[in-house]
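A.B. asks: My file is data19.tsv. It has TSV, C-alpha atoms:
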```tsv
chain	number	residue	atom	x	y	z
A	1	MET	CA	2.96	-17.68	24.37
A	2	GLU	CA	3.42	-14.59	22.19
A	3	LYS	CA	0.50	-14.11	19.83
A	4	ILE	CA	2.67	-14.02	16.71
A	5	ILE	CA	4.36	-17.31	17.66
A	6	PHE	CA	1.01	-19.03	18.04
A	7	GLN	CA	-0.24	-17.60	14.73
A	8	ILE	CA	2.81	-18.81	12.80
A	9	ILE	CA	2.71	-22.28	14.38
A	10	ASN	CA	-1.02	-22.46	13.70
A	11	LEU	CA	-0.58	-21.41	10.06
A	12	ILE	CA	2.03	-24.09	9.43
A	13	GLY	CA	0.13	-26.74	11.41
A	14	GLU	CA	-3.10	-26.22	9.46
A	15	ARG	CA	-1.33	-26.84	6.14
A	16	ASP	CA	1.46	-29.26	7.15
A	17	LYS	CA	3.87	-27.13	5.14
A	18	ILE	CA	3.76	-23.55	3.93
A	19	LEU	CA	5.76	-21.23	1.69
A	20	PHE	CA	7.52	-18.25	3.23
A	21	PRO	CA	5.52	-15.70	1.15
A	22	GLU	CA	2.29	-17.39	2.30
A	23	ILE	CA	3.33	-16.68	5.89
A	24	LEU	CA	3.94	-13.05	4.91
A	25	GLU	CA	0.59	-12.86	3.10
A	26	ASN	CA	-1.36	-14.18	6.08
A	27	LEU	CA	0.35	-11.92	8.63
A	28	ALA	CA	0.48	-8.79	6.43
A	29	ASP	CA	-2.25	-6.91	8.29
A	30	TYR	CA	-0.97	-7.73	11.78
A	31	TYR	CA	2.80	-7.52	12.15
A	32	PRO	CA	5.79	-5.64	10.73
A	33	LEU	CA	7.99	-7.70	8.45
A	34	LYS	CA	10.95	-7.30	10.79
A	35	GLU	CA	8.91	-8.92	13.59
A	36	VAL	CA	7.86	-11.83	11.37
A	37	VAL	CA	11.47	-12.47	10.31
A	38	LYS	CA	12.70	-12.16	13.91
A	39	THR	CA	10.05	-14.62	15.14
A	40	LEU	CA	10.77	-17.17	12.41
A	41	ASN	CA	14.46	-17.05	13.34
A	42	LYS	CA	13.53	-17.52	17.01
A	43	LEU	CA	11.29	-20.51	16.18
A	44	ALA	CA	14.05	-22.07	14.11
A	45	LYS	CA	16.62	-21.51	16.87
A	46	ASN	CA	14.28	-23.19	19.38
A	47	LYS	CA	13.79	-26.07	16.96
A	48	LEU	CA	10.03	-25.54	16.62
A	49	ILE	CA	10.17	-25.11	12.84
A	50	ALA	CA	12.47	-26.33	10.09
A	51	ASN	CA	12.66	-26.00	6.34
A	52	GLU	CA	11.98	-28.45	3.55
A	53	ASP	CA	13.42	-26.83	0.42
A	54	SER	CA	11.21	-23.71	-0.07
A	55	TYR	CA	8.65	-24.79	2.56
A	56	LEU	CA	8.43	-24.23	6.32
A	57	ILE	CA	7.36	-27.22	8.41
A	58	LEU	CA	6.81	-27.92	12.10
A	59	THR	CA	9.20	-30.12	14.02
A	60	GLU	CA	7.78	-32.72	16.43
A	61	LYS	CA	8.23	-30.18	19.20
A	62	GLY	CA	6.33	-27.60	17.14
A	63	LYS	CA	3.55	-30.09	16.35
A	64	ASP	CA	3.04	-30.71	20.06
A	65	ILE	CA	2.45	-26.99	20.64
A	66	TYR	CA	0.12	-26.79	17.61
A	67	LEU	CA	-2.02	-29.74	18.75
A	68	LYS	CA	-2.16	-28.44	22.32
A	69	ASN	CA	-3.52	-25.05	21.18
A	70	LYS	CA	-5.65	-26.25	18.24
A	71	THR	CA	-9.38	-25.38	18.31
A	72	PRO	CA	-12.26	-26.49	16.05
A	73	PHE	CA	-13.09	-22.86	15.15
A	74	LYS	CA	-11.86	-21.22	11.96
A	75	ALA	CA	-11.92	-17.48	11.21
A	76	LYS	CA	-12.28	-16.63	7.52
A	77	LEU	CA	-12.55	-13.45	5.50
A	78	CYS	CA	-15.41	-13.20	3.02
A	79	GLU	CA	-14.38	-15.34	0.05
A	80	TYR	CA	-16.15	-13.00	-2.38
A	81	CYS	CA	-14.49	-9.68	-1.49
A	82	SER	CA	-11.58	-10.89	0.72
A	83	GLY	CA	-12.65	-8.42	3.40
A	84	LYS	CA	-12.37	-5.41	1.05
A	85	ARG	CA	-16.14	-4.67	0.94
A	86	ILE	CA	-15.90	-3.80	-2.75
A	87	ALA	CA	-16.99	-5.98	-5.68
A	88	ILE	CA	-16.06	-5.08	-9.26
A	89	SER	CA	-19.34	-4.60	-11.12
A	90	GLU	CA	-19.81	-5.12	-14.86
A	91	GLU	CA	-19.36	-1.48	-15.86
A	92	PHE	CA	-16.19	-1.17	-13.78
A	93	GLY	CA	-15.07	-4.55	-15.14
A	94	SER	CA	-14.78	-3.01	-18.61
A	95	ILE	CA	-12.70	-0.16	-17.15
A	96	LEU	CA	-10.42	-2.72	-15.46
A	97	GLU	CA	-9.99	-4.47	-18.80
A	98	LYS	CA	-9.02	-1.25	-20.60
A	99	PHE	CA	-6.85	-0.07	-17.69
A	100	SER	CA	-4.92	-3.37	-17.62
A	101	VAL	CA	-4.05	-2.97	-21.30
A	102	LEU	CA	-2.97	0.68	-21.00
A	103	VAL	CA	-0.60	0.12	-18.06
A	104	LYS	CA	1.31	-2.82	-19.56
A	105	GLU	CA	4.14	-0.60	-20.80
A	106	ARG	CA	4.48	1.34	-17.55
A	107	PRO	CA	8.01	2.12	-16.31
A	108	ALA	CA	9.33	-0.54	-13.93
A	109	PRO	CA	9.54	0.39	-10.21
A	110	ILE	CA	12.97	1.54	-9.11
A	111	VAL	CA	14.56	1.44	-5.66
A	112	GLU	CA	15.72	5.07	-5.77
A	113	TYR	CA	12.15	6.34	-5.33
A	114	ILE	CA	10.96	3.41	-3.14
A	115	GLN	CA	8.38	2.64	-5.81
A	116	GLY	CA	5.90	-0.19	-6.13
A	117	TYR	CA	2.58	-0.53	-7.89
A	118	MET	CA	-0.56	-2.25	-6.67
A	119	ARG	CA	-2.48	-4.85	-8.63
A	120	GLU	CA	-4.72	-3.41	-11.35
A	121	GLU	CA	-7.92	-4.78	-9.77
A	122	ASP	CA	-7.08	-3.07	-6.48
A	123	VAL	CA	-6.63	0.27	-8.26
A	124	ILE	CA	-10.12	-0.17	-9.72
A	125	ARG	CA	-11.47	-1.11	-6.29
A	126	ARG	CA	-10.17	2.20	-4.94
A	127	VAL	CA	-11.94	4.01	-7.80
A	128	ILE	CA	-15.17	2.15	-6.99
A	129	PHE	CA	-14.84	2.98	-3.31
A	130	MET	CA	-14.40	6.66	-4.19
A	131	HIS	CA	-17.49	6.50	-6.36
A	132	TYR	CA	-19.43	4.79	-3.56
A	133	TYR	CA	-18.73	7.88	-1.42
A	134	ASN	CA	-19.67	10.24	-4.28
A	135	ASP	CA	-16.07	11.48	-4.33
A	136	LEU	CA	-15.66	11.37	-8.14
A	137	LYS	CA	-18.42	12.99	-10.17
A	138	ASP	CA	-17.57	16.59	-11.10
A	139	LYS	CA	-14.77	16.61	-8.51
A	140	ASN	CA	-11.27	18.10	-8.76
A	141	ILE	CA	-8.75	15.40	-7.83
A	142	ILE	CA	-5.01	15.58	-7.21
A	143	ILE	CA	-2.71	12.54	-6.94
A	144	ILE	CA	0.65	12.97	-5.25
A	145	GLY	CA	2.92	10.29	-6.69
A	146	ASP	CA	1.20	7.99	-9.17
A	147	ASP	CA	3.23	4.83	-9.78
A	148	ASP	CA	-0.12	2.97	-9.39
A	149	LEU	CA	-1.46	4.98	-12.37
A	150	LEU	CA	-4.67	5.68	-10.48
A	151	SER	CA	-5.10	8.81	-12.63
A	152	ILE	CA	-5.66	6.68	-15.75
A	153	ALA	CA	-8.29	4.55	-14.02
A	154	LEU	CA	-10.07	7.68	-12.77
A	155	ALA	CA	-9.95	9.35	-16.18
A	156	LEU	CA	-11.43	6.27	-17.88
A	157	THR	CA	-14.62	6.72	-15.83
A	158	LYS	CA	-15.12	10.24	-17.27
A	159	LEU	CA	-16.51	11.24	-13.85
A	160	PRO	CA	-13.98	13.73	-12.36
A	161	LYS	CA	-13.97	17.33	-13.61
A	162	ARG	CA	-10.19	17.64	-13.21
A	163	ILE	CA	-7.33	15.22	-12.50
A	164	VAL	CA	-3.84	16.49	-11.66
A	165	VAL	CA	-0.81	14.26	-11.02
A	166	LEU	CA	2.38	15.38	-9.27
A	167	ASP	CA	5.31	12.97	-9.56
A	168	ILE	CA	9.08	13.16	-9.16
A	169	ASP	CA	9.81	10.42	-11.71
A	170	LYS	CA	10.23	11.87	-15.22
A	171	ARG	CA	9.66	8.38	-16.70
A	172	LEU	CA	6.18	8.25	-15.15
A	173	VAL	CA	5.45	11.85	-16.08
A	174	ASP	CA	6.30	11.15	-19.73
A	175	PHE	CA	4.35	7.87	-19.74
A	176	LEU	CA	1.22	9.54	-18.32
A	177	LYS	CA	1.48	12.39	-20.83
A	178	GLU	CA	1.75	9.87	-23.66
A	179	ILE	CA	-1.29	7.86	-22.50
A	180	ASN	CA	-3.24	11.06	-21.86
A	181	LYS	CA	-2.65	12.26	-25.41
A	182	LYS	CA	-3.22	8.87	-27.03
A	183	GLU	CA	-6.50	8.18	-25.19
A	184	ASN	CA	-7.70	11.80	-25.06
A	185	LEU	CA	-8.00	11.78	-21.27
A	186	ASN	CA	-8.23	14.79	-18.94
A	187	ILE	CA	-5.05	14.26	-16.91
A	188	GLU	CA	-2.67	17.13	-16.13
A	189	VAL	CA	0.80	15.90	-15.20
A	190	LEU	CA	3.54	17.91	-13.47
A	191	GLU	CA	7.06	16.81	-12.54
A	192	TYR	CA	7.32	17.73	-8.86
A	193	ASN	CA	9.34	16.88	-5.75
A	194	ILE	CA	7.27	17.14	-2.54
A	195	LYS	CA	10.28	18.60	-0.73
A	196	GLU	CA	9.82	21.75	-2.82
A	197	PRO	CA	7.25	24.50	-2.13
A	198	PHE	CA	3.75	23.55	-3.25
A	199	PRO	CA	2.70	25.08	-6.60
A	200	LYS	CA	0.72	28.24	-5.82
A	201	LYS	CA	-1.77	27.59	-8.62
A	202	LEU	CA	-2.79	24.29	-6.96
A	203	LYS	CA	-3.35	25.50	-3.39
A	204	ARG	CA	-6.89	24.95	-2.03
A	205	LYS	CA	-8.16	23.89	-5.49
A	206	PHE	CA	-9.11	20.25	-4.94
A	207	ASP	CA	-11.98	18.24	-3.50
A	208	LEU	CA	-9.88	15.11	-3.03
A	209	PHE	CA	-6.28	13.96	-2.90
A	210	SER	CA	-4.84	10.47	-3.04
A	211	CYS	CA	-1.31	9.24	-2.30
A	212	GLU	CA	0.78	6.27	-1.23
A	213	PRO	CA	3.22	7.98	1.14
A	214	LEU	CA	6.77	7.02	1.96
A	215	GLU	CA	6.54	5.30	5.33
A	216	THR	CA	9.12	7.35	7.17
A	217	TYR	CA	7.93	10.01	9.61
A	218	SER	CA	9.05	12.83	7.29
A	219	GLY	CA	7.54	11.00	4.28
A	220	LEU	CA	4.17	10.59	5.98
A	221	LYS	CA	4.06	14.23	7.04
A	222	LEU	CA	5.14	15.57	3.65
A	223	PHE	CA	2.81	13.45	1.50
A	224	ILE	CA	-0.23	14.03	3.71
A	225	GLY	CA	0.84	17.63	4.29
A	226	ARG	CA	1.04	18.42	0.57
A	227	GLY	CA	-2.37	16.80	0.12
A	228	ILE	CA	-3.78	19.09	2.80
A	229	ASN	CA	-2.14	22.07	1.04
A	230	ALA	CA	-4.21	21.16	-2.02
A	231	LEU	CA	-7.61	20.56	-0.38
A	232	LYS	CA	-10.59	22.90	-0.36
A	233	LYS	CA	-13.09	23.23	2.48
A	234	ASN	CA	-14.58	19.83	3.44
A	235	GLY	CA	-12.02	18.05	1.26
A	236	VAL	CA	-11.30	14.32	1.33
A	237	GLY	CA	-8.05	12.33	1.51
A	238	TYR	CA	-7.23	8.75	0.52
A	239	PHE	CA	-3.93	7.05	1.24
A	240	GLY	CA	-2.40	3.64	1.81
A	241	LEU	CA	-0.46	2.56	4.88
A	242	THR	CA	1.11	-0.82	5.58
A	243	VAL	CA	1.64	-2.64	8.83
A	244	GLN	CA	4.54	-4.52	7.29
A	245	GLU	CA	6.85	-1.51	7.17
A	246	ALA	CA	4.94	1.05	9.25
A	247	SER	CA	4.63	0.00	12.89
A	248	TYR	CA	1.73	1.20	15.03
A	249	PRO	CA	3.58	4.25	16.43
A	250	LYS	CA	3.51	5.55	12.83
A	251	TRP	CA	-0.21	4.82	12.65
A	252	GLN	CA	-0.70	6.85	15.80
A	253	TYR	CA	1.41	9.63	14.28
A	254	ILE	CA	-0.82	9.65	11.16
A	255	GLN	CA	-3.97	9.82	13.29
A	256	LYS	CA	-2.56	12.86	15.10
A	257	LEU	CA	-1.70	14.52	11.77
A	258	ILE	CA	-5.24	14.04	10.49
A	259	LEU	CA	-6.72	15.46	13.71
A	260	LYS	CA	-4.35	18.42	13.51
A	261	ALA	CA	-5.48	19.05	9.92
A	262	ASN	CA	-9.07	19.25	11.21
A	263	GLY	CA	-9.91	15.85	9.77
A	264	VAL	CA	-11.69	12.69	10.85
A	265	ILE	CA	-10.94	9.14	9.67
A	266	THR	CA	-14.04	7.60	8.08
A	267	ASP	CA	-12.71	4.25	6.81
A	268	VAL	CA	-9.84	1.87	7.47
A	269	ILE	CA	-9.85	-1.29	5.33
A	270	LYS	CA	-6.89	-3.58	5.95
A	271	GLY	CA	-5.43	-5.61	3.11
A	272	PHE	CA	-7.27	-3.47	0.55
A	273	SER	CA	-4.31	-3.21	-1.83
A	274	SER	CA	-1.81	-5.92	-2.78
A	275	TYR	CA	1.49	-5.46	-4.57
A	276	PRO	CA	3.01	-8.03	-6.98
A	277	VAL	CA	6.47	-7.37	-5.52
A	278	ASN	CA	8.10	-10.55	-6.82
A	279	SER	CA	7.35	-9.54	-10.42
A	280	TYR	CA	9.36	-6.30	-10.24
A	281	LYS	CA	12.24	-6.46	-12.70
A	282	SER	CA	14.68	-4.22	-10.83
A	283	PHE	CA	14.66	-6.00	-7.43
A	284	ASN	CA	13.07	-8.94	-5.60
A	285	CYS	CA	11.75	-8.22	-2.11
A	286	GLU	CA	11.34	-11.87	-1.15
A	287	GLU	CA	14.97	-12.64	-1.90
A	288	VAL	CA	16.00	-9.62	0.21
A	289	LEU	CA	13.99	-11.01	3.14
A	290	LEU	CA	15.29	-14.56	2.70
A	291	LYS	CA	18.80	-13.28	3.36
A	292	ARG	CA	17.61	-12.14	6.80
A	293	LEU	CA	16.28	-15.60	7.71
A	294	LYS	CA	18.46	-18.13	9.51
A	295	LEU	CA	16.81	-20.91	7.55
A	296	ASN	CA	18.07	-22.41	4.34
A	297	LEU	CA	14.88	-21.61	2.41
A	298	ALA	CA	14.90	-21.69	-1.37
A	299	TYR	CA	13.14	-18.91	-3.28
A	300	SER	CA	9.59	-20.14	-3.95
A	301	GLN	CA	9.14	-18.51	-7.40
A	302	LYS	CA	5.38	-18.56	-6.75
A	303	ASP	CA	3.50	-15.36	-7.59
A	304	ILE	CA	1.95	-14.43	-4.22
A	305	SER	CA	1.05	-10.78	-3.59
A	306	TRP	CA	2.12	-10.87	0.06
A	307	TYR	CA	2.88	-7.15	0.42
A	308	LYS	CA	-0.38	-5.44	1.41
A	309	SER	CA	-1.58	-1.97	2.25
A	310	THR	CA	-4.50	-0.63	4.27
A	311	MET	CA	-6.70	1.95	2.56
A	312	ILE	CA	-7.56	4.93	4.75
A	313	ARG	CA	-10.11	7.61	3.93
A	314	PHE	CA	-10.59	10.82	5.90
A	315	GLU	CA	-12.66	13.98	5.62
A	316	ILE	CA	-11.82	17.55	6.58
A	317	LEU	CA	-14.45	19.15	8.81
A	318	GLY	CA	-14.72	22.64	7.39
A	319	GLU	CA	-11.49	24.47	6.60
A	320	PRO	CA	-8.29	22.37	6.38
A	321	GLN	CA	-5.44	23.30	8.71
A	322	ASN	CA	-2.02	23.07	7.06
A	323	LEU	CA	0.42	20.54	8.53
A	324	ILE	CA	3.32	22.10	6.63
A	325	ASP	CA	3.85	25.51	5.11
A	326	PRO	CA	2.95	25.31	1.39
A	327	ASP	CA	5.59	27.92	0.57
A	328	LYS	CA	8.51	26.24	2.33
A	329	LYS	CA	11.03	23.59	1.31
A	330	TYR	CA	11.44	20.54	3.58
A	331	SER	CA	13.91	17.70	4.04
A	332	LEU	CA	12.82	14.12	3.41
A	333	VAL	CA	14.10	10.77	4.69
A	334	PHE	CA	13.40	8.12	2.06
A	335	LYS	CA	14.17	5.01	4.09
A	336	ASP	CA	13.51	3.94	7.68
A	337	GLU	CA	16.57	1.84	8.48
A	338	GLU	CA	14.66	0.00	11.23
A	339	GLU	CA	11.46	-0.87	9.40
A	340	ASP	CA	12.03	-0.70	5.61
A	341	ILE	CA	13.59	-4.13	5.38
A	342	THR	CA	12.52	-5.06	1.82
A	343	ILE	CA	14.72	-2.44	0.19
A	344	PRO	CA	18.02	-3.85	-1.12
```
For the file at hand, write its structure as structure tokens.
C.D. replies:
Amino acid sequence: MEKIIFQIINLIGERDKILFPEILENLADYYPLKEVVKTLNKLAKNKLIANEDSYLILTEKGKDIYLKNKTPFKAKLCEYCSGKRIAISEEFGSILEKFSVLVKERPAPIVEYIQGYMREEDVIRRVIFMHYYNDLKDKNIIIIGDDDLLSIALALTKLPKRIVVLDIDKRLVDFLKEINKKENLNIEVLEYNIKEPFPKKLKRKFDLFSCEPLETYSGLKLFIGRGINALKKNGVGYFGLTVQEASYPKWQYIQKLILKANGVITDVIKGFSSYPVNSYKSFNCEEVLLKRLKLNLAYSQKDISWYKSTMIRFEILGEPQNLIDPDKKYSLVFKDEEEDITIP
């Protein structure tokens, strides 16, 4: 039996019935969304699962398979940190509280830029993880695309020496400038399209870059490549990468890019960041996926952050090697027609 089939049957069997987004949440770190949808359709076609309003249930045939493969052993993530390794301490708790207030009026994500923002507590966890590695104090940091508003969280700590944000979205640029002025933070914000040549004044000026790249091959190369353009000797990179819309060949591609840049991956933490995709005002990812299912499932309307991203950290060993020419313009594919299946 295919592993994914067993996992889905086991998930439903353990709970008797399960919501579609709960299936997505549990399989987020293992399989692309297109594979989950394809497998659910296959299970429905073979009459192993059925639907009960917004819930998935096992048929008698499905229950037989579940009981045959059931074991007494359960595998659980740590209930305290959910496998993320990072706890939010008291001093960072106050930063989370302030950060959550400041970002309430942020511009809504829009499809044109394939935007999405992670939960506020996960932004703070990334900040804590950076601090754990001594990547913040007196460091020069550049963020390439900041719909998560990581720059605000970093600035609230007062630890970095310099924070620069590059973003294509004028709404975000204006919002960050407004918050920066209002709160007297040290954020520099520039409207910038990564397809364009990298600003000369920013080349080799930063200790660390962070980004959430577009998950097309050109997107991955451009976002990581522009980060490398910015890094100094022994610089550090942080970025997020999903399994849900970036299959393992893309992971292999990223690993090769980092090696080519003279880097080494130090940390890979799956499920580190979650995205409240069903609360976006401009589009609903779950409804988009439901249209691909051959089951008459109703929209659950339950707030489950089922879209997850792995946090990856890498270090440059000595001098960084450019992946792309900082002085050249490049083309960019925004959407992978095969794998980006949540985009309307």
A.B. asks: As JSON, numbers by chain, please: the residues near range 312-318 of chain A (cut-off 6 Å, only C-alpha atoms, same-chain neighbours under 6 positions excluded).
C.D. replies: {"A": [233, 234, 235, 236, 237, 238, 239, 262, 263, 264, 265, 266, 267, 268]}
A.B. asks: Give me the residues near Lys45 in chain A as an MDAnalysis selection string, where near means some atom within 12 Å (using all atoms listed in the file) and where sequence neighbours in that chain fewer than 4 positions away do not count.
C.D. replies: chainID A and resid 38:41 49:50 59 62 293:295
A.B. asks: For CA of Lys34 in chain A and CA of Cys211 in chain A, determine how far apart the two atoms are, in Å to one decimal place.
C.D. replies: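 Interatomic distance here is 24.4 Å.
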A.B. asks: At most 10 Å is the cut-off: for each residue in range 87-131 of chain A with any atom that close to an atom of range 173-192 of chain A, write down the nearest atom pair and the distance in Å rounded to one decimal, counting only C-alpha atoms, chain first then increasing number, as JSON lines.
C.D. replies:
```
{"residue": "A:Leu102", "atom": "CA", "partner": "A:Ile179", "partner_atom": "CA", "distance": 7.5}
{"residue": "A:Val103", "atom": "CA", "partner": "A:Ile179", "partner_atom": "CA", "distance": 8.9}
{"residue": "A:Glu105", "atom": "CA", "partner": "A:Phe175", "partner_atom": "CA", "distance": 8.5}
{"residue": "A:Arg106", "atom": "CA", "partner": "A:Phe175", "partner_atom": "CA", "distance": 6.9}
{"residue": "A:Pro107", "atom": "CA", "partner": "A:Phe175", "partner_atom": "CA", "distance": 7.6}
```
A.B. asks: For a quick check of understanding, using all atoms listed in the file, which of A:Ala155, A:Ala230, A:Leu220, A:Leu149 has the smallest distance to Ala246 in chain A?
C.D. replies: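 Using all atoms listed in the file, Ala246 in chain A sits closest to A:Leu220.
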A.B. asks: Between A:Ile95, A:Val333, A:Ile142, A:Leu259, which has the minimum distance to Thr157 in chain A (counting only C-alpha atoms)?
C.D. replies: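 Of A:Ile95, A:Val333, A:Ile142, A:Leu259, the one nearest Thr157 in chain A is A:Ile95, counting only C-alpha atoms.
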A.B. asks: Residues near Leu11 in chain A, anyone? I mean within 9 Å using only C-alpha atoms, not counting same-chain ones fewer than 5 positions away, as a ChimeraX atom specification.
C.D. replies: /A:6,16-18,23,26
A.B. asks: Since we have the selection now, will you write its residues out, keeping C-alpha atoms, as a PDB file, in the coordinates of the input?
C.D. replies:
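Below you can see out16.pdb, which holds the result:
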```
ATOM      1  CA  PHE A   6       1.010 -19.030  18.040  1.00  0.00           C
ATOM      2  CA  ASP A  16       1.460 -29.260   7.150  1.00  0.00           C
ATOM      3  CA  LYS A  17       3.870 -27.130   5.140  1.00  0.00           C
ATOM      4  CA  ILE A  18       3.760 -23.550   3.930  1.00  0.00           C
ATOM      5  CA  ILE A  23       3.330 -16.680   5.890  1.00  0.00           C
ATOM      6  CA  ASN A  26      -1.360 -14.180   6.080  1.00  0.00           C
TER       7      ASN A  26
END
```
